[in-house]
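A.B. asks: Please find one structure pasted underneath; my questions will follow.
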Amino acid sequence: MDRLSGLDASFLYFETSSHLMHVCGLLILDPTTMPGEYRFSSFRDKLGSRMQSNAAFTRKLHNPFFNLDHPVWVEDDDFDIERHVRRIVIPAPGGRQELAEVCGDIAAQPLDRSRPLWEFWVIEGLADGQVAVMTKMHHATVDGVSGASLVSSLCSLEPDAPPMVAPDKSPPARRPRDRDIVLSGVIGIAKRPVRLAWLLPGTLGVLPDWIQRSRRGTAMPAPFTAPRTSFNGTVTGHRSIAFARLDLDQVKEVKNAFGSTVNDVVLTLCSGALRKYLDDRGELPDTSLVAMVPVSVHGKTKGGGTNMVSGMFSTLSSDIADPVQRLSAIAAQNLIAKSHHKALSASLLQDWAQFAAPNTFGLAVRLYSRLRLADRHPVVHNLVISNVPGPPMPIYFLGARIVGFYPFGPVFHGAGLNITVLSNDGHLDFGLIACRELAPDLWALADHLPIALDELVNAARAQQPAPKPKRTRPAKPA
């Protein structure tokens, strides 16, 4: 029986019409590499044939009436690719603005829970003849790492090669009977007091340890200490989107010059862009912004489910004007945050999420939204910044080379901006998504990212010693 973990299920319970819990990805494809001419019908059919062999695309939720525990996954006996892969043509001139507007509208629509929780939108009409695919998958089914891997499983290393992941030819698991699901749920609920007693001793020490670390200066930022900005409030169901592509070699040049990590540089780029964005709007806080950075715990926890993720709070040092000093401060703070995060249990979030109750969580989120509590209490964190590893080499989606792979995570009440970064074939692809009412012009933020990188690259090259002039021997007399 494939029952959702508490963390997977919590993304279902937290979802409302304004608090959408799916993750998206925008693939920009070059169809000229495809064997044969691009046609939507054949593109969709070929995509469907690959998805049929992957249970992640053909499973759906099932929750019997008397089930007290989390729902289960079952095979969709009525799976139809045409319900999930759709076509849209963007209006002229078909530039990035028009593409982003369409993608924002797609991201603002909830998924149909009676079917497998994903959609692919094939977008035509781009000015340069390229084709885009907007993917949308519920967070109950994927996290950042598994979502990128799931899309990559449909891809190949050559235009006419089979997918990188071999199809699973094993027959689907037998659909469990409702009474077995209900009985298993009752047993699971009965075990929760024992789990709670096991969890409490380790969890009760988290707060005192955090306080002691703060006094020593070895703690990551505490929640509810972030300054308020215009994108820290109650979100609506409307979404705005923007994206940017940066050269990974330039990022590594900065990393090597200043002895930091790629993730340090990514956070510094986001910090620099946010600093300029907020300063232009006259709302740059005197204290630093705080980001929540998801941390993958794949292979570090025994918990089940799809979402294998924890999180740490990172200071963005946005109150420091000089980009090199900002990078140095972020790198130093990240070492502290990573050390603090390692001291916490990798499965802490997953363990406590097992106690998520659908009715209680759903009611709490709706009440929280209706009372606009995110506008009233101190800000937990300003935004989410996620860095996801992607393919280091060129890959092909149904034969079309991927020339852009921009990820978009969910936004939350109180943190209406999400920046997700994916490394892809020598580039870093930045996907920005926000509540439209809280951040209506995301391009103003996205366009500051390459400027922030140029500042760091120029600083890295300026500190390098000038090459010594070559000595030339005087010419011999004739």
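We name chains A, B, ... following the order of the structure tokens; residues begin at 1 in each chain, and ligands are numbered from 1 as shown.
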If you take only C-alpha atoms and a cut-off of 10 Å, which residues of segment 330-429 of chain A touch segment 41-63 of chain A, and what are their nearest atom pairs and distances in Å to one decimal, in chain and number order, as CSV?
C.D. replies:
```
residue,atom,partner,partner_atom,distance
A:Phe397,CA,A:Leu47,CA,9.2
A:Leu398,CA,A:Leu47,CA,7.2
A:Gly399,CA,A:Phe43,CA,9.7
```
A.B. asks: Contacts of Val295 of chain A at 8 Å or less, counting only C-alpha atoms, minus same-chain residues fewer than 6 places along, as a PyMOL selection string?
C.D. replies: chain A and resi 309-312
A.B. asks: Filtering to N, CA and C atoms, could you give me those residues as an mmCIF file, in the first residue's frame?
C.D. replies:
```
data_model
loop_
_atom_site.group_PDB
_atom_site.id
_atom_site.type_symbol
_atom_site.label_atom_id
_atom_site.label_comp_id
_atom_site.auth_asym_id
_atom_site.auth_seq_id
_atom_site.Cartn_x
_atom_site.Cartn_y
_atom_site.Cartn_z
ATOM 1 N N VAL A 309 13.077 16.599 2.311
ATOM 2 C CA VAL A 309 13.586 17.956 2.371
ATOM 3 C C VAL A 309 13.521 18.477 3.800
ATOM 4 N N SER A 310 14.496 19.282 4.134
ATOM 5 C CA SER A 310 14.500 20.036 5.373
ATOM 6 C C SER A 310 14.713 21.495 4.976
ATOM 7 N N GLY A 311 15.036 22.340 5.916
ATOM 8 C CA GLY A 311 15.235 23.740 5.568
ATOM 9 C C GLY A 311 16.088 24.445 6.594
ATOM 10 N N MET A 312 16.803 25.465 6.127
ATOM 11 C CA MET A 312 17.571 26.299 7.058
ATOM 12 C C MET A 312 17.345 27.764 6.707
#
```
A.B. asks: Just the number, please: distance in Å from atom CA of Ala400 of chain A to atom CA of Leu154 of chain A, one decimal.
C.D. replies: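 Result for atom CA of Ala400 of chain A versus atom CA of Leu154 of chain A: 11.7 Å, one decimal.
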A.B. asks: Would you pick out the contacts of Asp112 of chain A at 12 Å or less, using only C-alpha atoms, so that residues sharing its chain but fewer than 4 positions from it are not included, and give the list as a PyMOL selection string?
C.D. replies: chain A and resi 12+22+60-61+83-84+116-119+136-138
A.B. asks: Let's have the selection written as a short mmCIF file (atom, residue, chain, number, x, y, z; two decimals), in the first residue's frame, with C-alpha atoms.
C.D. replies:
```cif
data_model
loop_
_atom_site.label_atom_id
_atom_site.label_comp_id
_atom_site.auth_asym_id
_atom_site.auth_seq_id
_atom_site.Cartn_x
_atom_site.Cartn_y
_atom_site.Cartn_z
CA LEU A 12 -2.46 18.76 0.13
CA HIS A 22 2.34 22.81 -6.94
CA LYS A 60 -3.73 9.40 -8.44
CA LEU A 61 -5.04 10.03 -4.95
CA ARG A 83 -6.30 15.39 -20.11
CA HIS A 84 -2.78 16.28 -19.02
CA PRO A 116 -2.90 12.29 -11.57
CA LEU A 117 -1.55 15.53 -10.12
CA TRP A 118 0.35 16.98 -13.05
CA GLU A 119 -0.10 18.92 -16.30
CA LYS A 136 3.09 21.63 -13.31
CA MET A 137 3.30 18.93 -10.62
CA HIS A 138 1.84 18.94 -7.15
#
```
A.B. asks: Near segment 316-319 of chain A, within 10 Å and counting only C-alpha atoms, which residues show up once chain neighbours fewer than 4 positions away are dropped, as a list in words?
C.D. replies: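 Answer for this query is Asp264, Leu267, Thr268, Leu269, Cys270, Ser271, Gly272, Ala273, Leu274, Arg275, Lys276, Leu284, Pro285, Asp286, Thr287, Ser288, Leu289, Val290, Ala291, Pro323, Gln325, Arg326, Leu327, Ser328, Ala329, Ile330, Ala331, Gln333 and Asn334 of chain A.
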A.B. asks: Within 10 Å of Ser369 of chain A, counting only C-alpha atoms, which residues qualify if same-chain residues fewer than 4 places away don't, as a PyMOL selection string?
C.D. replies: chain A and resi 16+18-19+233-236+363-365+373-375+413-414
A.B. asks: List the spatial neighbours of Leu183 of chain A as a short mmCIF file (atom, residue, chain, number, x, y, z; two decimals) with N, CA and C atoms, in the first residue's frame - criterion: any atom at most 10 Å away, only C-alpha atoms, same-chain residues fewer than 5 positions off excluded.
C.D. replies:
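The resulting file, selection-v3.cif, is reproduced below:
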```
data_model
loop_
_atom_site.label_atom_id
_atom_site.label_comp_id
_atom_site.auth_asym_id
_atom_site.auth_seq_id
_atom_site.Cartn_x
_atom_site.Cartn_y
_atom_site.Cartn_z
N PHE A 66 -13.99 6.60 5.29
CA PHE A 66 -13.68 6.35 6.70
C PHE A 66 -12.17 6.28 6.98
N ASN A 67 -11.37 6.67 6.01
CA ASN A 67 -9.92 6.64 6.21
C ASN A 67 -9.49 7.75 7.18
N LEU A 68 -8.83 7.38 8.27
CA LEU A 68 -8.41 8.34 9.28
C LEU A 68 -6.98 8.83 9.07
N ASP A 69 -6.23 8.10 8.25
CA ASP A 69 -4.83 8.44 8.01
C ASP A 69 -4.71 9.16 6.66
N ASP A 178 -10.69 -0.82 -0.07
CA ASP A 178 -10.95 0.30 0.82
C ASP A 178 -10.88 -0.12 2.28
N GLY A 188 -2.28 2.96 11.97
CA GLY A 188 -1.32 4.05 11.95
C GLY A 188 -1.64 5.14 12.96
N ILE A 189 -2.92 5.48 13.08
CA ILE A 189 -3.34 6.48 14.06
C ILE A 189 -3.08 5.99 15.49
#
```
A.B. asks: What does the structure give for the distance between atom CA of Phe120 of chain A and atom CA of Met134 of chain A, in Å to one decimal?
C.D. replies: 5.7 Å
A.B. asks: Rank nothing, just name the residue among A:Ser230, A:Thr420, A:Ser114, A:Gln109 nearest to Leu20 of chain A, using only C-alpha atoms.
C.D. replies: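 Of all the options, A:Gln109 lies closest to Leu20 of chain A.
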A.B. asks: Can you work out which one of A:Val133, A:Leu126, A:Gly185, A:Val265 has the shortest atom-to-atom distance to Glu253 of chain A, counting only C-alpha atoms?
C.D. replies: A:Val265
A.B. asks: Provide the atom CA of Leu99 of chain A to atom CA of Ser423 of chain A distance in Å, to one decimal place.
C.D. replies: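 Result for atom CA of Leu99 of chain A versus atom CA of Ser423 of chain A: 21.3 Å, one decimal.
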A.B. asks: Which is closer to Gly426 of chain A than all the others in A:Val251, A:Leu207, A:Val293, A:Ala452, using only C-alpha atoms?
C.D. replies: A:Val251
A.B. asks: Go through A:Met393, A:Ile28, A:Ile336, A:Leu248 and flag the residue nearest Gly129 of chain A, using only C-alpha atoms for the distances.
C.D. replies: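 Checking each of A:Met393, A:Ile28, A:Ile336, A:Leu248 against Gly129 of chain A, counting only C-alpha atoms, the winner is A:Ile28.
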